[in-house]
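> Have a look at this one before I ask anything.
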Amino acid sequence: MSFSSDEVNFLVYRYLQESGFQHSAYTFGIESHISQSNINGALVPPAALLSILQKGLQYTEAEISISEDGTEQRLVESLSLIDAVMPDIVASRQNQQNQQKQAIKSEITDTNGEEGAEVVVAVVSTPTESMEVDTSIEIPSSKATVLRGHESEVFICAWNPTTDLLASGSGDSTARIWDMSDNTTSPNQLVLRHCIQKGGTEVPSNKDVTSLDWNCDGSLLATGSYDGYARIWTTEGRLASTLGQHKGPIFALKWNKKGNYILSAGVDKTTIIWDAASGQCTQQFSFHSAPALDVDWQTNTSFASCSTDQRIHVCKLTIDKPIKSFQGHTNEVNAIKWDPQGNLLASCSDDMTLKIWSMKQDTCVHDLQAHSKEIYTIKWSPTGPGTQNPNMNLILASASFDSTVRLWDVERGVCIHTLTKHTEPVYSVAFSPDGKFLASGSFDKCVHIWSTQSGQLVHSYKGTGGIFEVCWNSRGDKVGASASDGSVFVLDLRKL
């Protein structure tokens with residue numbers, strides 16, 4: 001077997017992307033000149049690096065278990081990945097296997113020929129993975145529509161706010177719009193190819209589609225890409241505008257409620273408000289000292305942004321400095337979200353904390369510390385004052401790499417439910433429109449649907465790849481999900 005440094009670099013780059021380390025992947029890609037290699041990423045299957053490592057580990061174990069005479073003896077204890085690359089440990093394990101084999105031979109020789117002699121074979125059993133989920137709540141395959149077409153991992157998906165159109169964005173440099181309105185098993189798909197100008201012609205950008213968002217009436221879809229461009233598309237799949245001002249990948253992108261402005265955050269440390277009608281940059285904000293990771297509108301003209309610089313800024317159109325800045329996180333801030341009324345701002349970080357901020361004070365209102373690993377994302381419930389569900393309490397959901405989801409009563413600053421059925425990092429959470437259910441998606445390939453009132457798991461579905469995103473349609477009867485193996489699927493919750 002032979003391989004080039006380009007191939008190794010590409011597999012490491014893809015592993016970082018698939019593991020959710022988008023910013024590390026970007027930096028590594030730049031330093032290792034991934035874009036200059038001639039590797040077609042669309043042909044490389046998900047989890048390729050892990051697959052190769054697993055095969056290498058199995059080969060090393062096979063070498064140890066096969067003795068000089070060619071017979072095989074089962075390994076009593078599996079090798080760890082680190083053990084497998086340490087020659088002394090491999091040699092020691094080989095000696096142990098040989099000694100064990102000799103001991104067994106001696107025992108058989110000693111008992112050979114004795115009447116009634118009994119040879120006892122000890123079988124070392126490996127524990128099987130127990131089913132965490134009650135089979136009675138599993139969503140049957142007849143209620144799941146799997147959408148195939150993407151040629152690489154699908155990082156994001158979002159339902160149109162007025163119709164059953166599901167948009168998805170992938171590492172294959174395309175977004176797709178799937179028409180799920182007629183409940184067919186093979187719905188129509190529109191392919192939105194993200195191209196760049198090269199030598200006077202349009203060529204595929206070969207860059208990930210990192211973000212997408214529908215405008216308020218569902219007539220336009222905005223996408224953000226690693227190629228540094230934001231784009232606006234019609235529901236028919238026509239490219240309406242290309243927004244070019246960022247100098248590097250776009251990590252987040254949001255329409256305001258009015259639908260006249262788009263907000264974007266980039267690796268170039270800036271955030272931009274775009275005029276949606278003209279496609280022009282209205283104002284660029286350069287207050288962060290490191291890549292901007294997320295943005296969220298507070299009003300139609302003010303917004304918050306967060307960054308790997310550990311800071312949060314609140315900015316307003318036409319004002320050339322932040323109207324408020326928050327400090328307190330001790331590691332990069334991954335996501336920020338305003339509550340439905342725009343009063344409280346929630347932030348989550350790699351420092352494992354969740355913080356609640358108010359424009360009325362400089363320090364955080366609550367510093368919520370319960371997760372044991374990085375918190376990847378957060379969502380507010382569509383409940384409480386100013387929402388369609390005013391008689392229900394406002395709660396906040398947090399999703400973490402510690403494999404749990406937590407539901408918080410923000411008014412009291414306490415965790416009311418810890419949702420623990422996932423076994424791998426949780427990348428996405430989404431509330432149903434009525435606030436009664438929460439969907440969560442994890443790299444354990446499962447989408448779980450929970451009761452927000454009781455914290456109980458009510459429905460579950462296992463897909464074929466790690467889940468990057470989950471989302472509800474506007475009626476609350478379908479959940480969309482996108483996965484690391486290139487699949488997108490829709491769960492029909494009616495009559496379950």
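Quick note on naming: the chains in the structure tokens go A, B, ... in the order shown, residues restart at 1 in each chain, and ligands are numbered from 1 in order of appearance.
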Give me the residues near region 235-238 of chain A as a list in words, where near means some atom within 7 Å (using only C-alpha atoms) and where sequence neighbours in that chain fewer than 6 positions away do not count.

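After dropping sequence-adjacent residues, the list is Leu190, Leu192, Ser219 and Leu220 of chain A.
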
> Just write the chosen residues, N, CA and C atoms, as a PDB file, in the first residue's frame.


```pdb
ATOM      1  N   LEU A 190     -34.720  19.843  -6.801  1.00  0.00           N
ATOM      2  CA  LEU A 190     -34.032  20.860  -7.581  1.00  0.00           C
ATOM      3  C   LEU A 190     -32.604  20.941  -7.071  1.00  0.00           C
ATOM      4  N   LEU A 192     -29.261  23.028  -6.749  1.00  0.00           N
ATOM      5  CA  LEU A 192     -28.741  24.390  -6.804  1.00  0.00           C
ATOM      6  C   LEU A 192     -27.211  24.313  -6.766  1.00  0.00           C
ATOM      7  N   SER A 219     -40.474  32.625  -0.193  1.00  0.00           N
ATOM      8  CA  SER A 219     -40.299  32.836  -1.639  1.00  0.00           C
ATOM      9  C   SER A 219     -38.840  32.777  -2.082  1.00  0.00           C
ATOM     10  N   LEU A 220     -37.907  32.946  -1.134  1.00  0.00           N
ATOM     11  CA  LEU A 220     -36.479  32.964  -1.473  1.00  0.00           C
ATOM     12  C   LEU A 220     -35.676  32.158  -0.459  1.00  0.00           C
TER      13      LEU A 220
END
```

> When DSSP is applied to the backbone of this structure, which of region 123-188 of chain A are assigned strand (DSSP E)? Write them out as a PyMOL selection string.

chain A and resi 144-147+154-159+165-170+174-179

> Could you write out that same residue set with N, CA, C and O atoms as a PDB file, in the first residue's frame?


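Output file again-v6.pdb is given in full below:
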```pdb
ATOM      1  N   ALA A 144     -40.803   6.878   7.078  1.00  0.00           N
ATOM      2  CA  ALA A 144     -39.575   7.621   6.776  1.00  0.00           C
ATOM      3  C   ALA A 144     -39.336   7.631   5.269  1.00  0.00           C
ATOM      4  O   ALA A 144     -39.349   6.578   4.622  1.00  0.00           O
ATOM      5  N   THR A 145     -39.133   8.803   4.711  1.00  0.00           N
ATOM      6  CA  THR A 145     -38.774   8.933   3.297  1.00  0.00           C
ATOM      7  C   THR A 145     -37.315   9.348   3.208  1.00  0.00           C
ATOM      8  O   THR A 145     -36.937  10.421   3.705  1.00  0.00           O
ATOM      9  N   VAL A 146     -36.490   8.484   2.620  1.00  0.00           N
ATOM     10  CA  VAL A 146     -35.056   8.781   2.489  1.00  0.00           C
ATOM     11  C   VAL A 146     -34.812   9.433   1.132  1.00  0.00           C
ATOM     12  O   VAL A 146     -35.229   8.911   0.094  1.00  0.00           O
ATOM     13  N   LEU A 147     -34.162  10.583   1.155  1.00  0.00           N
ATOM     14  CA  LEU A 147     -33.917  11.368  -0.054  1.00  0.00           C
ATOM     15  C   LEU A 147     -32.456  11.234  -0.462  1.00  0.00           C
ATOM     16  O   LEU A 147     -31.557  11.677   0.262  1.00  0.00           O
ATOM     17  N   VAL A 154     -24.260  15.978   4.338  1.00  0.00           N
ATOM     18  CA  VAL A 154     -25.260  17.047   4.265  1.00  0.00           C
ATOM     19  C   VAL A 154     -25.296  17.734   5.635  1.00  0.00           C
ATOM     20  O   VAL A 154     -25.774  17.174   6.606  1.00  0.00           O
ATOM     21  N   PHE A 155     -24.760  18.957   5.674  1.00  0.00           N
ATOM     22  CA  PHE A 155     -24.569  19.637   6.938  1.00  0.00           C
ATOM     23  C   PHE A 155     -25.831  20.294   7.474  1.00  0.00           C
ATOM     24  O   PHE A 155     -25.982  20.457   8.688  1.00  0.00           O
ATOM     25  N   ILE A 156     -26.730  20.699   6.584  1.00  0.00           N
ATOM     26  CA  ILE A 156     -27.846  21.528   7.010  1.00  0.00           C
ATOM     27  C   ILE A 156     -29.117  21.189   6.244  1.00  0.00           C
ATOM     28  O   ILE A 156     -29.070  20.715   5.105  1.00  0.00           O
ATOM     29  N   CYS A 157     -30.242  21.454   6.871  1.00  0.00           N
ATOM     30  CA  CYS A 157     -31.530  21.356   6.178  1.00  0.00           C
ATOM     31  C   CYS A 157     -32.509  22.299   6.857  1.00  0.00           C
ATOM     32  O   CYS A 157     -32.370  22.614   8.050  1.00  0.00           O
ATOM     33  N   ALA A 158     -33.492  22.779   6.089  1.00  0.00           N
ATOM     34  CA  ALA A 158     -34.466  23.725   6.630  1.00  0.00           C
ATOM     35  C   ALA A 158     -35.747  23.669   5.815  1.00  0.00           C
ATOM     36  O   ALA A 158     -35.707  23.660   4.582  1.00  0.00           O
ATOM     37  N   TRP A 159     -36.889  23.645   6.507  1.00  0.00           N
ATOM     38  CA  TRP A 159     -38.187  23.641   5.847  1.00  0.00           C
ATOM     39  C   TRP A 159     -38.578  25.051   5.429  1.00  0.00           C
ATOM     40  O   TRP A 159     -38.328  26.022   6.153  1.00  0.00           O
ATOM     41  N   LEU A 165     -41.590  22.359   1.242  1.00  0.00           N
ATOM     42  CA  LEU A 165     -40.314  22.280   0.527  1.00  0.00           C
ATOM     43  C   LEU A 165     -39.206  22.188   1.562  1.00  0.00           C
ATOM     44  O   LEU A 165     -39.147  22.999   2.494  1.00  0.00           O
ATOM     45  N   LEU A 166     -38.334  21.197   1.421  1.00  0.00           N
ATOM     46  CA  LEU A 166     -37.211  21.028   2.340  1.00  0.00           C
ATOM     47  C   LEU A 166     -35.916  21.351   1.596  1.00  0.00           C
ATOM     48  O   LEU A 166     -35.631  20.772   0.547  1.00  0.00           O
ATOM     49  N   ALA A 167     -35.144  22.295   2.122  1.00  0.00           N
ATOM     50  CA  ALA A 167     -33.853  22.638   1.518  1.00  0.00           C
ATOM     51  C   ALA A 167     -32.740  21.940   2.284  1.00  0.00           C
ATOM     52  O   ALA A 167     -32.826  21.764   3.502  1.00  0.00           O
ATOM     53  N   SER A 168     -31.687  21.532   1.570  1.00  0.00           N
ATOM     54  CA  SER A 168     -30.531  20.892   2.199  1.00  0.00           C
ATOM     55  C   SER A 168     -29.251  21.423   1.573  1.00  0.00           C
ATOM     56  O   SER A 168     -29.227  21.802   0.401  1.00  0.00           O
ATOM     57  N   GLY A 169     -28.181  21.467   2.359  1.00  0.00           N
ATOM     58  CA  GLY A 169     -26.891  21.962   1.881  1.00  0.00           C
ATOM     59  C   GLY A 169     -25.787  20.980   2.213  1.00  0.00           C
ATOM     60  O   GLY A 169     -25.747  20.427   3.323  1.00  0.00           O
ATOM     61  N   SER A 170     -24.868  20.770   1.262  1.00  0.00           N
ATOM     62  CA  SER A 170     -23.932  19.649   1.363  1.00  0.00           C
ATOM     63  C   SER A 170     -22.488  20.028   1.040  1.00  0.00           C
ATOM     64  O   SER A 170     -22.201  21.087   0.468  1.00  0.00           O
ATOM     65  N   THR A 174     -23.479  21.710  -3.494  1.00  0.00           N
ATOM     66  CA  THR A 174     -24.849  21.972  -3.946  1.00  0.00           C
ATOM     67  C   THR A 174     -25.776  22.141  -2.748  1.00  0.00           C
ATOM     68  O   THR A 174     -25.524  21.612  -1.659  1.00  0.00           O
ATOM     69  N   ALA A 175     -26.835  22.903  -2.990  1.00  0.00           N
ATOM     70  CA  ALA A 175     -28.011  22.863  -2.114  1.00  0.00           C
ATOM     71  C   ALA A 175     -29.103  22.196  -2.940  1.00  0.00           C
ATOM     72  O   ALA A 175     -29.040  22.177  -4.179  1.00  0.00           O
ATOM     73  N   ARG A 176     -30.076  21.622  -2.283  1.00  0.00           N
ATOM     74  CA  ARG A 176     -31.180  20.980  -2.999  1.00  0.00           C
ATOM     75  C   ARG A 176     -32.499  21.363  -2.354  1.00  0.00           C
ATOM     76  O   ARG A 176     -32.560  21.573  -1.142  1.00  0.00           O
ATOM     77  N   ILE A 177     -33.517  21.462  -3.175  1.00  0.00           N
ATOM     78  CA  ILE A 177     -34.870  21.723  -2.682  1.00  0.00           C
ATOM     79  C   ILE A 177     -35.719  20.506  -3.021  1.00  0.00           C
ATOM     80  O   ILE A 177     -35.869  20.147  -4.194  1.00  0.00           O
ATOM     81  N   TRP A 178     -36.254  19.866  -1.989  1.00  0.00           N
ATOM     82  CA  TRP A 178     -37.057  18.650  -2.140  1.00  0.00           C
ATOM     83  C   TRP A 178     -38.520  18.990  -1.921  1.00  0.00           C
ATOM     84  O   TRP A 178     -38.867  19.605  -0.914  1.00  0.00           O
ATOM     85  N   ASP A 179     -39.373  18.594  -2.846  1.00  0.00           N
ATOM     86  CA  ASP A 179     -40.810  18.857  -2.731  1.00  0.00           C
ATOM     87  C   ASP A 179     -41.478  17.682  -2.025  1.00  0.00           C
ATOM     88  O   ASP A 179     -41.670  16.617  -2.611  1.00  0.00           O
TER      89      ASP A 179
END
```

> Can you list, as a ChimeraX atom specification, every protein, DNA or RNA residue that comes within 12 Å of region 193-202 of chain A when you count only C-alpha atoms, leaving out same-chain residues fewer than 5 positions away?

/A:150,169-177,207-210,222-233,237-239,241-244

> Write out as a list of chain:residue names which residues come within 12 Å of Lys495 (chain A) when counting only C-alpha atoms, dropping same-chain ones fewer than 5 positions away.

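Once the adjacent positions are removed, what remains is A:Ile139, A:Pro140, A:Ser142, A:Lys143, A:Asp477, A:Lys478.
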
> Just write the chosen residues, C-alpha atoms, as an mmCIF file, in the first residue's frame.


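As written to disk, result-v3.cif reads:
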```cif
data_model
loop_
_atom_site.group_PDB
_atom_site.id
_atom_site.type_symbol
_atom_site.label_atom_id
_atom_site.label_comp_id
_atom_site.auth_asym_id
_atom_site.auth_seq_id
_atom_site.Cartn_x
_atom_site.Cartn_y
_atom_site.Cartn_z
ATOM 1 C CA ILE A 139 -40.709 5.143 13.965
ATOM 2 C CA PRO A 140 -41.380 2.464 11.302
ATOM 3 C CA SER A 142 -42.889 3.178 6.267
ATOM 4 C CA LYS A 143 -43.068 6.592 7.949
ATOM 5 C CA ASP A 477 -46.201 16.913 11.499
ATOM 6 C CA LYS A 478 -42.886 16.242 9.694
#
```

> One number please: CA of Val429 (chain A) to CA of Asn300 (chain A), in Å, one decimal.

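It comes out at 24.8 Å.
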
> Please, what distance in Å, to one decimal, runs between CA of Gly486 (chain A) and CA of Glu151 (chain A)?

5.9 Å

> Which residues, written as a PyMOL selection string, have at least one atom at most 7 Å from region 248-265 of chain A, with only C-alpha atoms counted and residues fewer than 3 positions away on the same chain left out?

chain A and resi 210-213+215-216+224-228+268+270-277+292-297+300

> Could you tell me how far CA of Gly466 (chain A) sits from CA of Gln17 (chain A), in Å to one decimal place?

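Between these atoms lies a distance of 12.2 Å.
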
> If we count only C-alpha atoms, what is near Ser347 (chain A) at a cut-off of 12 Å, once residues fewer than 6 positions away on the same chain are taken out, given as a count of residues only?

46

> Please return, as a compact mmCIF listing (two decimals) with N, CA and C atoms, in the first residue's frame, all residues of region 105-269 of chain A that DSSP assigns to helix (DSSP H, G or I) on the basis of the backbone.


```
# COMPACT_ATOMS: atom_id res chain seq x y z
N LYS A 105 -1.91 -26.16 24.63
CA LYS A 105 -1.40 -27.41 24.04
C LYS A 105 -0.98 -28.38 25.14
N SER A 106 -0.30 -27.85 26.17
CA SER A 106 0.18 -28.69 27.26
C SER A 106 -0.99 -29.33 28.00
N GLU A 107 -2.04 -28.55 28.25
CA GLU A 107 -3.21 -29.08 28.96
C GLU A 107 -3.84 -30.21 28.19
N ILE A 108 -3.95 -30.04 26.85
CA ILE A 108 -4.58 -31.07 26.03
C ILE A 108 -3.72 -32.33 26.05
N THR A 109 -2.38 -32.16 26.01
CA THR A 109 -1.46 -33.31 26.03
C THR A 109 -1.58 -34.06 27.35
N ASP A 110 -1.68 -33.30 28.48
CA ASP A 110 -1.75 -33.93 29.80
C ASP A 110 -3.01 -34.77 29.97
N THR A 111 -4.10 -34.35 29.39
CA THR A 111 -5.37 -35.07 29.57
C THR A 111 -5.62 -36.09 28.48
N THR A 135 -38.63 -0.45 21.73
CA THR A 135 -39.04 -0.70 20.34
C THR A 135 -40.43 -0.15 20.04
N SER A 136 -41.25 0.06 21.06
CA SER A 136 -42.61 0.54 20.83
C SER A 136 -42.64 1.99 20.37
N ILE A 137 -41.53 2.72 20.56
CA ILE A 137 -41.50 4.13 20.14
C ILE A 137 -40.69 4.33 18.87
N SER A 141 -40.14 2.23 9.24
CA SER A 141 -39.52 2.69 7.99
C SER A 141 -40.58 3.19 7.01
N SER A 142 -41.82 2.72 7.16
CA SER A 142 -42.89 3.18 6.27
C SER A 142 -43.22 4.66 6.49
N LYS A 143 -42.82 5.19 7.63
CA LYS A 143 -43.07 6.59 7.95
C LYS A 143 -41.84 7.47 7.66
```

> Find the residues near region 415-419 of chain A: any atom within 8 Å, counting only C-alpha atoms, skip ones fewer than 2 places away on the same chain, and give them as a VMD selection string.

chain A and resid 404 to 409 413 421 to 422 454 to 456

> For a quick check of understanding, using only C-alpha atoms, which of A:Pro46, A:Gly384, A:Gly149, A:Pro433 has the smallest distance to Ser487 (chain A)?

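Closest candidate: A:Gly149.
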